[in-house]
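A.B. asks: My file is protein.cif. It has mmCIF, C-alpha atoms:
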data_input
#
loop_
_atom_site.label_atom_id
_atom_site.label_comp_id
_atom_site.auth_asym_id
_atom_site.auth_seq_id
_atom_site.Cartn_x
_atom_site.Cartn_y
_atom_site.Cartn_z
CA MET A 1123 -6.59 -126.03 -139.91
CA PRO A 1124 -9.94 -125.73 -138.04
CA ASP A 1125 -13.10 -125.86 -140.13
CA SER A 1126 -14.48 -122.37 -140.84
CA GLY A 1127 -17.98 -123.50 -139.84
CA LYS A 1128 -16.89 -124.30 -136.30
CA ILE A 1129 -16.91 -121.46 -133.80
CA SER A 1130 -14.26 -121.28 -131.12
CA MET A 1131 -15.35 -120.97 -127.54
CA GLN A 1132 -13.54 -117.65 -127.38
CA ALA A 1133 -15.54 -116.24 -130.29
CA ALA A 1134 -18.79 -117.44 -128.74
CA ARG A 1135 -17.92 -115.76 -125.46
CA ILE A 1136 -17.11 -112.50 -127.29
CA ILE A 1137 -20.54 -112.41 -128.93
CA ARG A 1138 -22.52 -113.36 -125.81
CA ARG A 1139 -20.65 -110.87 -123.63
CA SER A 1140 -21.07 -108.11 -126.20
CA VAL A 1141 -24.83 -108.68 -126.44
CA ARG A 1142 -25.15 -108.33 -122.66
CA LEU A 1143 -23.08 -105.16 -122.55
CA PHE A 1144 -24.58 -103.41 -125.56
CA GLY A 1145 -27.50 -101.83 -123.70
CA LEU A 1146 -25.18 -100.39 -121.05
CA LEU A 1147 -22.74 -99.05 -123.64
CA ALA A 1148 -25.58 -97.30 -125.47
CA LEU A 1149 -26.54 -95.48 -122.28
CA ILE A 1150 -23.03 -94.21 -121.50
CA ALA A 1151 -21.97 -93.39 -125.06
CA ALA A 1152 -20.19 -90.01 -125.27
CA PRO A 1153 -20.00 -87.59 -128.21
CA ALA A 1154 -16.32 -88.45 -128.81
CA ALA A 1155 -16.14 -89.13 -132.52
CA ALA A 1156 -12.97 -90.52 -133.96
CA VAL A 1157 -13.35 -90.74 -137.72
CA THR A 1158 -11.90 -92.67 -140.59
CA VAL A 1159 -10.92 -90.42 -143.48
CA THR A 1160 -11.98 -91.55 -146.93
CA GLY A 1161 -9.95 -89.86 -149.64
CA LEU A 1162 -6.48 -89.52 -148.11
CA TYR A 1163 -5.05 -91.06 -151.26
CA SER A 1164 -7.24 -89.05 -153.66
CA VAL A 1165 -6.38 -85.56 -154.81
CA GLU A 1166 -7.21 -82.95 -157.43
CA VAL A 1167 -4.60 -80.64 -158.97
CA PRO A 1168 -4.53 -78.07 -161.81
CA VAL A 1169 -2.99 -79.16 -165.11
CA ALA A 1170 -2.23 -77.26 -168.30
CA SER A 1171 -3.64 -79.88 -170.67
CA SER A 1172 -4.20 -83.60 -171.23
CA GLN A 1173 -0.88 -83.99 -173.04
CA PRO A 1174 1.35 -86.76 -171.59
CA ALA A 1175 3.98 -84.37 -170.19
CA ASP A 1176 1.34 -82.27 -168.41
CA LEU A 1177 -0.38 -85.37 -167.04
CA GLU A 1178 2.94 -86.69 -165.72
CA GLN A 1179 3.51 -83.39 -163.91
CA GLY A 1180 -0.01 -83.65 -162.52
CA TYR A 1181 0.67 -87.17 -161.25
CA ALA A 1182 3.80 -85.94 -159.45
CA ASP A 1183 2.02 -82.90 -157.98
CA GLY A 1184 -0.82 -85.08 -156.75
CA LEU A 1185 1.46 -87.71 -155.23
CA SER A 1186 3.46 -85.06 -153.40
CA GLN A 1187 0.24 -83.83 -151.77
CA VAL A 1188 -0.70 -87.39 -150.81
CA PHE A 1189 2.76 -87.94 -149.33
CA VAL A 1190 2.29 -84.88 -147.11
CA ARG A 1191 -1.18 -86.01 -145.99
CA VAL A 1192 -0.13 -89.56 -145.22
CA SER A 1193 3.18 -88.75 -143.54
CA GLY A 1194 1.69 -85.79 -141.66
CA THR A 1195 4.54 -83.42 -142.51
CA ARG A 1196 5.83 -81.40 -145.45
CA ASP A 1197 9.36 -82.33 -144.42
CA VAL A 1198 8.83 -85.68 -146.13
CA LEU A 1199 9.33 -84.03 -149.51
CA GLY A 1200 12.97 -83.41 -148.57
CA ASN A 1201 13.71 -87.06 -147.77
CA GLU A 1202 16.32 -88.76 -149.90
CA GLY A 1203 14.65 -90.85 -152.57
CA VAL A 1204 11.34 -88.93 -152.68
CA LYS A 1205 12.17 -87.22 -155.97
CA ALA A 1206 12.60 -90.60 -157.65
CA LEU A 1207 9.23 -91.71 -156.30
CA LEU A 1208 7.54 -88.57 -157.62
CA ASP A 1209 9.17 -89.03 -161.03
CA ASP A 1210 7.56 -92.48 -161.13
CA ALA A 1211 4.22 -91.36 -159.64
CA GLU A 1212 2.30 -93.00 -162.49
CA SER A 1213 3.25 -96.46 -161.14
CA LEU A 1214 1.27 -95.79 -157.94
CA LEU A 1215 -1.75 -94.34 -159.76
CA GLN A 1216 -4.97 -96.35 -159.59
CA SER A 1217 -7.42 -94.05 -161.36
CA TYR A 1218 -7.65 -90.57 -162.81
CA GLN A 1219 -10.26 -88.21 -164.21
CA PHE A 1220 -9.41 -85.26 -166.45
CA LEU A 1221 -11.75 -82.33 -165.76
CA ARG A 1222 -11.79 -80.14 -168.85
CA SER A 1223 -12.53 -76.42 -168.62
CA ASP A 1224 -13.31 -73.93 -171.38
CA LYS A 1225 -11.31 -71.38 -169.41
CA ASP A 1226 -8.05 -73.36 -169.65
CA GLN A 1227 -8.26 -74.14 -165.94
CA HIS A 1228 -8.22 -77.91 -166.35
CA ARG A 1229 -7.90 -80.16 -163.34
CA LEU A 1230 -6.75 -83.71 -162.81
CA ARG A 1231 -8.53 -85.82 -160.19
CA MET A 1232 -6.71 -89.00 -159.24
CA SER A 1233 -6.46 -91.77 -156.67
CA PHE A 1234 -3.30 -93.59 -155.64
CA GLY A 1235 -3.04 -97.07 -154.12
CA ALA A 1236 -2.98 -96.88 -150.33
CA VAL A 1237 -0.72 -99.90 -149.88
CA GLY A 1238 1.66 -98.71 -152.60
CA VAL A 1239 1.89 -95.20 -151.15
CA ASN A 1240 2.51 -96.49 -147.64
CA ARG A 1241 5.27 -98.80 -148.85
CA ALA A 1242 6.80 -95.99 -150.89
CA LEU A 1243 6.95 -93.76 -147.81
CA ALA A 1244 8.43 -96.59 -145.78
CA SER A 1245 11.11 -97.08 -148.45
CA VAL A 1246 12.40 -93.54 -147.85
CA ASP A 1247 12.21 -93.90 -144.08
CA ALA A 1248 9.18 -91.60 -143.76
CA PRO A 1249 6.41 -92.00 -141.18
CA VAL A 1250 2.98 -93.29 -142.22
CA TRP A 1251 -0.11 -91.83 -140.56
CA GLY A 1252 -3.23 -93.97 -140.94
CA ALA A 1253 -6.75 -93.17 -142.07
CA ASN A 1254 -8.29 -93.23 -138.58
CA ARG A 1255 -7.81 -89.76 -137.14
CA PRO A 1256 -9.07 -87.64 -134.21
CA LEU A 1257 -11.85 -85.15 -134.93
CA THR A 1258 -10.97 -81.62 -133.83
CA LEU A 1259 -13.82 -79.24 -132.99
CA ALA A 1260 -12.45 -75.81 -133.91
CA TRP A 1261 -13.89 -72.77 -132.15
CA ILE A 1262 -12.42 -69.97 -134.27
CA ALA A 1263 -13.03 -66.35 -133.29
CA VAL A 1264 -11.95 -63.76 -135.86
CA GLU A 1265 -11.41 -60.07 -135.15
CA GLU A 1266 -11.67 -58.13 -138.40
CA ASN A 1267 -12.64 -54.52 -139.11
CA GLY A 1268 -13.22 -53.91 -135.42
CA ARG A 1269 -15.69 -56.78 -135.06
CA ARG A 1270 -15.39 -60.28 -133.62
CA THR A 1271 -17.25 -63.18 -135.20
CA LEU A 1272 -17.37 -66.95 -134.85
CA VAL A 1273 -16.46 -69.08 -137.86
CA HIS A 1274 -19.28 -71.62 -138.14
CA ALA A 1275 -20.24 -74.48 -140.42
CA ASP A 1276 -23.37 -73.07 -142.03
CA GLY A 1277 -23.30 -71.16 -145.30
CA GLU A 1278 -22.17 -67.61 -145.86
CA ASP A 1279 -23.08 -64.28 -144.34
CA SER A 1280 -22.11 -60.63 -144.49
CA SER A 1281 -19.61 -60.96 -141.64
CA GLY A 1282 -17.18 -62.89 -143.83
CA ASN A 1283 -17.86 -66.25 -142.20
CA GLY A 1284 -18.16 -68.00 -145.57
CA GLN A 1285 -14.67 -66.98 -146.64
CA TRP A 1286 -12.99 -68.04 -143.39
CA ARG A 1287 -14.95 -71.28 -143.31
CA GLN A 1288 -13.86 -72.21 -146.82
CA ILE A 1289 -10.25 -71.27 -146.12
CA PHE A 1290 -10.01 -73.50 -143.05
CA GLU A 1291 -11.91 -76.34 -144.74
CA ASN A 1292 -9.50 -76.24 -147.68
CA ALA A 1293 -6.53 -76.29 -145.31
CA ALA A 1294 -7.98 -79.32 -143.52
CA VAL A 1295 -8.48 -81.18 -146.81
CA ASP A 1296 -4.92 -80.41 -147.92
CA ARG A 1297 -3.51 -82.00 -144.76
CA GLY A 1298 -6.04 -84.80 -144.38
CA LEU A 1299 -7.08 -83.57 -140.94
CA PRO A 1300 -10.69 -83.97 -139.77
CA VAL A 1301 -11.85 -80.58 -138.46
CA SER A 1302 -15.43 -79.62 -137.61
CA LEU A 1303 -16.92 -76.20 -136.98
CA PRO A 1304 -19.84 -75.40 -134.65
CA PRO A 1305 -23.34 -74.73 -136.04
CA ALA A 1306 -24.39 -71.16 -136.82
CA ASP A 1307 -26.57 -70.92 -133.71
CA TYR A 1308 -23.49 -70.60 -131.54
CA GLY A 1309 -22.44 -67.47 -133.42
CA GLN A 1310 -25.18 -65.49 -131.71
CA ASP A 1311 -23.80 -66.19 -128.23
CA ARG A 1312 -21.65 -63.15 -127.45
CA GLU A 1313 -20.62 -64.52 -124.05
CA LEU A 1314 -19.39 -67.71 -125.67
CA LEU A 1315 -17.47 -65.69 -128.26
CA SER A 1316 -15.81 -63.77 -125.44
CA ASP A 1317 -14.83 -67.05 -123.75
CA ILE A 1318 -13.32 -68.34 -126.99
CA TRP A 1319 -11.34 -65.14 -127.44
CA GLY A 1320 -10.16 -65.34 -123.84
CA GLN A 1321 -9.40 -69.06 -124.31
CA PHE A 1322 -11.42 -70.10 -121.27
CA THR A 1323 -11.57 -73.80 -122.06
CA SER A 1324 -13.79 -74.80 -119.15
CA SER A 1325 -16.58 -72.48 -120.31
CA VAL A 1326 -16.36 -73.56 -123.94
CA ARG A 1327 -16.19 -77.20 -122.94
CA SER A 1328 -19.77 -76.98 -121.70
CA ALA A 1329 -20.94 -75.64 -125.06
CA SER A 1330 -19.15 -78.53 -126.78
CA GLU A 1331 -20.86 -81.32 -124.88
CA GLU A 1332 -23.46 -82.04 -127.57
CA LEU A 1333 -21.06 -81.66 -130.51
CA GLU A 1334 -19.08 -84.64 -131.75
CA HIS A 1335 -15.33 -84.32 -131.23
CA ASP A 1336 -12.26 -85.97 -129.76
CA LEU A 1337 -10.72 -82.68 -128.72
CA MET A 1338 -11.42 -79.00 -129.18
CA SER A 1339 -9.25 -76.06 -130.12
CA LEU A 1340 -9.95 -72.44 -129.20
CA VAL A 1341 -8.49 -70.16 -131.87
CA ARG A 1342 -8.34 -66.36 -131.99
CA VAL A 1343 -7.42 -64.70 -135.29
CA ARG A 1344 -6.57 -61.02 -135.72
CA ARG A 1345 -4.35 -58.61 -137.60
CA SER A 1346 -0.90 -58.05 -136.14
CA GLY A 1347 0.75 -55.19 -137.96
CA SER A 1348 0.91 -56.11 -141.64
CA GLN A 1349 0.28 -59.80 -140.95
CA TRP A 1350 -2.41 -62.11 -139.68
CA ARG A 1351 -1.87 -63.88 -136.38
CA ALA A 1352 -3.59 -66.97 -134.98
CA GLY A 1353 -3.17 -68.22 -131.43
CA TRP A 1354 -4.80 -71.39 -130.12
CA VAL A 1355 -5.06 -73.76 -127.18
CA PHE A 1356 -6.17 -77.40 -127.11
CA ASP A 1357 -8.48 -79.14 -124.70
CA GLY A 1358 -8.69 -82.92 -124.62
CA MET A 1359 -6.68 -86.09 -125.32
CA GLY A 1360 -4.08 -85.07 -122.75
CA LEU A 1361 -2.56 -82.41 -125.01
CA ASP A 1362 -0.52 -79.45 -123.82
CA SER A 1363 -2.94 -76.60 -123.09
CA THR A 1364 -0.46 -73.73 -123.43
CA GLU A 1365 -1.06 -71.27 -126.26
CA GLN A 1366 0.69 -71.73 -129.59
CA SER A 1367 0.67 -69.23 -132.45
CA VAL A 1368 1.64 -68.59 -136.07
CA THR A 1369 1.67 -65.52 -138.33
CA ALA A 1370 1.25 -65.21 -142.10
CA ASP A 1371 0.82 -62.59 -144.81
CA THR A 1372 -2.52 -63.93 -146.10
CA LYS A 1373 -5.59 -65.62 -144.66
CA GLU A 1374 -4.99 -68.73 -146.74
CA GLU A 1375 -1.40 -69.04 -145.59
CA LEU A 1376 -2.46 -68.51 -141.99
CA ALA A 1377 -5.04 -71.32 -142.07
CA ALA A 1378 -2.54 -73.61 -143.81
CA ARG A 1379 0.04 -73.00 -141.08
CA VAL A 1380 -2.46 -73.51 -138.25
CA VAL A 1381 -3.85 -76.77 -139.64
CA GLY A 1382 -0.36 -77.86 -140.67
CA ARG A 1383 0.88 -77.52 -137.10
CA TRP A 1384 -2.11 -79.53 -135.86
CA ALA A 1385 -1.47 -82.29 -138.42
CA GLU A 1386 2.21 -82.51 -137.48
CA MET A 1387 1.30 -82.78 -133.81
CA PHE A 1388 -1.05 -85.72 -134.41
CA ALA A 1389 1.37 -87.40 -136.84
CA ASP A 1390 4.12 -87.22 -134.21
CA ARG A 1391 1.77 -89.00 -131.85
CA TYR A 1392 0.14 -91.61 -134.08
CA ALA A 1393 2.21 -92.15 -137.25
CA VAL A 1394 3.97 -95.48 -137.66
CA ALA A 1395 7.69 -95.46 -138.38
CA GLY A 1396 8.58 -96.57 -141.90
CA SER A 1397 10.49 -99.54 -140.51
CA ASP A 1398 7.28 -100.78 -138.86
CA VAL A 1399 5.19 -100.82 -142.05
CA GLY A 1400 4.85 -104.54 -142.76
CA GLU A 1401 4.85 -106.27 -146.11
CA SER A 1402 1.38 -107.68 -145.49
CA PRO A 1403 -1.18 -104.90 -144.84
CA GLN A 1404 -4.11 -105.44 -142.52
CA VAL A 1405 -7.50 -103.78 -142.38
CA ASP A 1406 -10.46 -103.79 -140.00
CA ILE A 1407 -13.76 -104.86 -141.59
CA VAL A 1408 -17.02 -104.18 -139.76
CA VAL A 1409 -19.96 -106.34 -140.84
CA HIS A 1410 -23.41 -105.13 -139.76
CA GLY A 1411 -26.40 -107.43 -139.43
CA VAL A 1412 -24.53 -110.36 -137.85
CA THR A 1413 -27.15 -111.63 -135.42
CA ASP A 1414 -25.98 -115.08 -134.31
CA LEU A 1415 -23.13 -117.58 -134.31
CA LYS A 1416 -24.22 -119.02 -137.66
CA ASP A 1417 -23.83 -115.59 -139.28
CA TYR A 1418 -20.45 -115.21 -137.59
CA ALA A 1419 -19.27 -118.54 -139.01
CA SER A 1420 -20.48 -117.62 -142.51
CA VAL A 1421 -18.83 -114.18 -142.53
CA ASN A 1422 -15.57 -115.58 -141.20
CA GLY A 1423 -15.62 -118.35 -143.79
CA VAL A 1424 -16.31 -116.00 -146.70
CA LEU A 1425 -13.39 -113.74 -145.84
CA LYS A 1426 -10.90 -116.54 -145.14
CA ASN A 1427 -11.64 -118.15 -148.51
CA LEU A 1428 -10.86 -115.00 -150.55
CA SER A 1429 -7.64 -115.27 -152.57
CA PRO A 1430 -6.00 -112.05 -151.28
CA VAL A 1431 -6.77 -112.87 -147.62
CA LEU A 1432 -3.89 -114.34 -145.64
CA GLU A 1433 -5.55 -114.23 -142.21
CA ALA A 1434 -8.94 -113.21 -140.82
CA GLY A 1435 -10.28 -113.23 -137.29
CA ALA A 1436 -12.85 -111.48 -135.11
CA THR A 1437 -11.60 -108.78 -132.77
CA GLN A 1438 -14.91 -107.48 -131.46
CA ALA A 1439 -18.60 -108.29 -131.53
CA ARG A 1440 -21.51 -106.09 -130.55
CA GLU A 1441 -25.22 -106.42 -131.15
CA ASN A 1442 -25.68 -106.95 -134.90
CA GLN A 1443 -22.09 -105.88 -135.56
CA LEU A 1444 -18.89 -107.90 -136.00
CA LYS A 1445 -15.41 -106.46 -136.47
CA LEU A 1446 -12.68 -108.59 -138.05
CA ARG A 1447 -8.97 -107.94 -138.61
CA VAL A 1448 -7.99 -109.08 -142.11
CA VAL A 1449 -4.40 -109.49 -143.31
CA PHE A 1450 -4.20 -109.38 -147.10
CA SER A 1451 -1.88 -109.17 -150.08
CA GLY A 1452 -2.01 -106.69 -152.96
CA GLU A 1453 -3.93 -103.40 -152.95
CA MET A 1454 -6.99 -102.45 -150.94
CA GLU A 1455 -9.10 -102.08 -154.10
CA GLN A 1456 -8.29 -105.65 -155.11
CA LEU A 1457 -9.50 -106.89 -151.74
CA LYS A 1458 -12.75 -104.93 -152.18
CA GLN A 1459 -13.26 -106.43 -155.63
CA TYR A 1460 -12.93 -109.95 -154.28
CA ILE A 1461 -15.37 -109.23 -151.45
CA ALA A 1462 -17.83 -107.83 -154.00
CA LEU A 1463 -18.01 -111.26 -155.67
CA ASP A 1464 -20.07 -112.56 -152.74
CA PRO A 1465 -23.59 -111.01 -152.80
CA ARG A 1466 -24.04 -111.67 -149.08
CA LEU A 1467 -21.58 -108.87 -148.21
CA VAL A 1468 -23.15 -105.58 -149.30
CA PRO A 1469 -20.78 -102.57 -149.18
CA LEU A 1470 -22.16 -99.56 -147.29
CA SER A 1471 -21.89 -96.06 -148.71
CA ASP A 1472 -20.39 -93.18 -146.71
CA ALA A 1473 -23.89 -91.87 -146.05
CA GLU A 1474 -25.06 -95.24 -144.75
CA VAL A 1475 -22.06 -95.62 -142.48
CA SER A 1476 -22.64 -92.14 -141.06
CA ARG A 1477 -26.09 -93.31 -139.95
CA MET A 1478 -24.79 -96.41 -138.21
CA PRO A 1479 -25.22 -98.28 -135.92
CA SER A 1480 -28.99 -98.24 -136.58
CA ASP A 1481 -29.64 -101.09 -139.00
CA ASP A 1482 -33.09 -99.74 -139.82
CA THR A 1483 -31.66 -96.88 -141.82
CA VAL A 1484 -29.52 -98.99 -144.14
CA ASP A 1485 -30.62 -98.97 -147.74
CA SER A 1486 -28.63 -101.31 -149.93
CA GLY A 1487 -30.21 -99.99 -153.11
CA GLU A 1488 -27.82 -97.10 -153.64
CA GLU A 1489 -25.65 -97.37 -156.71
CA GLY A 1490 -22.54 -95.47 -157.70
CA ALA A 1491 -22.97 -92.83 -160.38
CA GLU A 1492 -19.66 -93.21 -162.13
CA GLY A 1493 -19.62 -92.95 -165.89
CA PRO A 1494 -17.95 -95.30 -168.39
CA VAL A 1495 -14.27 -95.99 -167.89
CA GLN A 1496 -11.27 -95.42 -170.13
CA GLN A 1497 -8.03 -97.36 -170.11
CA ALA A 1498 -5.41 -95.65 -167.94
CA PRO A 1499 -1.67 -96.05 -167.29
CA GLU A 1500 -0.27 -99.10 -165.50
CA GLY A 1501 -3.52 -101.04 -165.68
CA GLY A 1502 -5.54 -98.51 -163.71
CA PHE A 1503 -8.78 -96.99 -164.90
CA ALA A 1504 -9.91 -93.46 -165.67
CA LEU A 1505 -13.39 -92.12 -165.16
CA ALA A 1506 -15.04 -90.47 -168.14
CA GLU A 1507 -14.08 -86.83 -168.69
CA ASP A 1508 -16.11 -84.33 -166.69
CA SER A 1509 -16.46 -80.55 -166.70
CA ALA A 1510 -14.31 -78.64 -164.21
CA GLU A 1511 -17.06 -76.06 -163.82
CA ASN A 1512 -19.43 -78.80 -162.62
CA ALA A 1513 -16.86 -80.66 -160.53
CA SER A 1514 -17.40 -80.98 -156.81
CA SER A 1515 -15.25 -79.07 -154.35
CA PRO A 1516 -12.04 -80.82 -153.20
CA ALA A 1517 -13.76 -81.81 -149.96
CA ASN A 1518 -16.50 -83.69 -151.78
CA PRO A 1519 -16.51 -86.39 -152.98
CA LEU A 1520 -12.79 -87.10 -152.59
CA PHE A 1521 -12.50 -86.35 -148.89
CA VAL A 1522 -15.17 -87.67 -146.52
CA TYR A 1523 -15.32 -88.34 -142.79
CA GLN A 1524 -16.94 -91.59 -141.64
CA PRO A 1525 -17.65 -92.38 -137.99
CA LEU A 1526 -15.07 -94.85 -136.77
CA LEU A 1527 -17.67 -96.48 -134.50
CA VAL A 1528 -15.33 -97.25 -131.64
CA ASP A 1529 -15.63 -96.38 -127.98
CA GLU A 1530 -13.24 -94.10 -126.16
CA GLU A 1531 -11.23 -97.02 -124.79
CA GLU A 1532 -10.49 -98.30 -128.32
CA SER A 1533 -9.79 -94.97 -130.01
CA GLU A 1534 -6.10 -94.72 -129.13
CA GLN A 1535 -5.42 -98.14 -130.66
CA ALA A 1536 -7.61 -97.38 -133.68
CA PHE A 1537 -5.65 -94.20 -134.44
CA GLU A 1538 -2.57 -96.34 -135.04
CA SER A 1539 -4.23 -98.39 -137.79
CA LEU A 1540 -2.98 -97.55 -141.29
CA TYR A 1541 -6.08 -98.26 -143.38
CA GLN A 1542 -9.65 -97.05 -143.32
CA VAL A 1543 -12.27 -99.28 -141.76
CA LEU A 1544 -14.43 -101.08 -144.34
CA HIS A 1545 -18.15 -101.46 -143.63
CA TYR A 1546 -20.49 -104.10 -145.04
CA ARG A 1547 -24.00 -105.34 -144.35
CA TRP A 1548 -24.47 -109.08 -144.03
CA GLN A 1549 -27.24 -110.40 -146.26
CA PRO A 1550 -27.82 -114.11 -145.57
CA ALA A 1551 -28.11 -116.50 -148.49
CA SER A 1552 -31.86 -116.97 -147.95
CA ILE A 1553 -32.45 -113.25 -148.57
CA VAL A 1554 -30.18 -113.23 -151.62
CA ASP A 1555 -32.03 -116.21 -153.10
CA SER A 1556 -35.43 -114.59 -152.54
CA GLU A 1557 -34.31 -111.39 -154.20
CA ASN A 1558 -33.10 -113.41 -157.19
CA GLY A 1559 -36.45 -115.18 -157.40
CA GLU A 1560 -35.09 -118.59 -156.46
#
Before anything else, please render the file you have as structure tokens.

C.D. replies:
Amino acid sequence: MPDSGKISMQAARIIRRSVRLFGLLALIAAPAAAVTVTGLYSVEVPVASSQPADLEQGYADGLSQVFVRVSGTRDVLGNEGVKALLDDAESLLQSYQFLRSDKDQHRLRMSFGAVGVNRALASVDAPVWGANRPLTLAWIAVEENGRRTLVHADGEDSSGNGQWRQIFENAAVDRGLPVSLPPADYGQDRELLSDIWGQFTSSVRSASEELEHDLMSLVRVRRSGSQWRAGWVFDGMGLDSTEQSVTADTKEELAARVVGRWAEMFADRYAVAGSDVGESPQVDIVVHGVTDLKDYASVNGVLKNLSPVLEAGATQARENQLKLRVVFSGEMEQLKQYIALDPRLVPLSDAEVSRMPSDDTVDSGEEGAEGPVQQAPEGGFALAEDSAENASSPANPLFVYQPLLVDEEESEQAFESLYQVLHYRWQPASIVDSENGE
């Protein structure tokens, strides 16, 4: 086995070539923005109480939602063997938090093991759709009470934007689909609104140039008799541009059907067949602050020497940034815990990753704000009880988009990866020693 301190000629060439190309890539970078979804395996459901029977039902309800998100389709719940998995949902649980409410509207927030869930889906011959997903820019025009308005991302207003925004955001969270809405400024452009309603993609494409997205969808929503109707067209990623539509009795059901159709379309394209889910999971780890071959050797050596790591190797190097593919055993959280034992690899928060690739903005001083833990089933852990009235919305903090930080050429391959990209900042030993006063 080659010594971890020795750098292969191939690795050296990767780094040197990447440094030369970085300036050019920065100039031609496009607003395409594939994202990795944090929180696919976390969910929050209502529960009657904290009694064991009610918690068990909550575990099953939560796991069924995770199965739908990760497979990309509700049809998975009808697969043979799924009921047995849901009955034993507690075995896949990693953590839970009971959110008590004085109004008897308690909720159970929980996280399931990504590797365990993926293997469970594979065992019932269900597809597995990874955490790296395309970002859809949704231009949604709503005709209601004789007036047309644009659903935008900013706050609430008298036109009903706030309600429609929340409905579509909730639908996106339920299906694990990254969807963005345009800023409020675009809502004042009546010509643009007319183009959205008319589904003139070329006109709207110009307005989308400065907004991050992988593809856009032009949606028009209106009443149709006693029901709501939504029709949409896609633009981008080589998708069929003909109009598709759904109808529903309520606004919530309409949004759920629209986003559900989108999720199924992407899952059909990117999900991995259950038979192709390997026994040994692999994850991409991006390490920021790797400036030379010595850093590369150190990072590679640290990862290869971790107990859960079976294989580790560089797949890409850019200025101050190294991506490695790591094959590991066990659960993702166990791998993170082992990495955390080395102070030279500092995990980056979602906020820090969203500001990448600028190293100047990284602040390693942020700490998690989780309370004391309680013992939970099957060796997991439970966060301290919280108040449901003060709990965050389902989209935050359980469900977060991080930039995938790949170029357009890599995005198709990245979408087929099963696990979210992990980001760390490399802190050489000399810096660690100085911080510790040595």

A.B. asks: Given only C-alpha atoms as the basis, pick out the residue of A:Gly1161, A:Gly1360, A:Pro1403, A:Gly1347 nearest to Val1237 (chain A).

C.D. replies: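 Looking only at the distances to Val1237 (chain A), the closest residue turns out to be A:Pro1403.
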
A.B. asks: Can you tell me which residues surround region 1449-1460 of chain A at a distance of at most 6 Å, considering all atoms listed in the file, apart from same-chain residues fewer than 2 positions away, and format the answer as a ChimeraX atom specification?

C.D. replies: /A:1237,1402-1404,1430-1433,1462-1463

A.B. asks: Once the PyMOL selection byres ((chain A and resi 1338) around 10) has been applied to the shown file, what residues remain in the selection, as a list in words?

C.D. replies: Leu1257, Thr1258, Leu1259, Ala1260, Trp1261, Val1301, Ser1302, Leu1303, Thr1323, Val1326, Arg1327, Ser1330, Glu1334, His1335, Asp1336, Leu1337, Ser1339, Leu1340, Val1341, Val1355, Phe1356, Asp1357, Gly1358 and Met1359 of chain A

A.B. asks: Counting all atoms listed in the file, which of A:Ala1370, A:Val1409, A:Leu1208, A:Val1381 gets nearest to Phe1290 (chain A)?

C.D. replies: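 So, comparing all the options, the nearest one is A:Val1381.
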
A.B. asks: Suppose you want the space between CA of Asp1296 (chain A) and CA of Gln1187 (chain A); what is it in Å?

C.D. replies: 7.3 Å

A.B. asks: Given the PyMOL selection byres ((chain A and resi 1162) around 7) and the file above, list the residues it selects as a ChimeraX atom specification.

C.D. replies: /A:1159-1161,1163-1164,1188,1191-1192,1298,1521

A.B. asks: Which residue out of A:Ala1329, A:Leu1540, A:Val1468, A:Ala1395 has the minimum interatomic distance to Ala1248 (chain A) when all atoms listed in the file are used?

C.D. replies: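 The answer is A:Ala1395, which sits nearest to Ala1248 (chain A).
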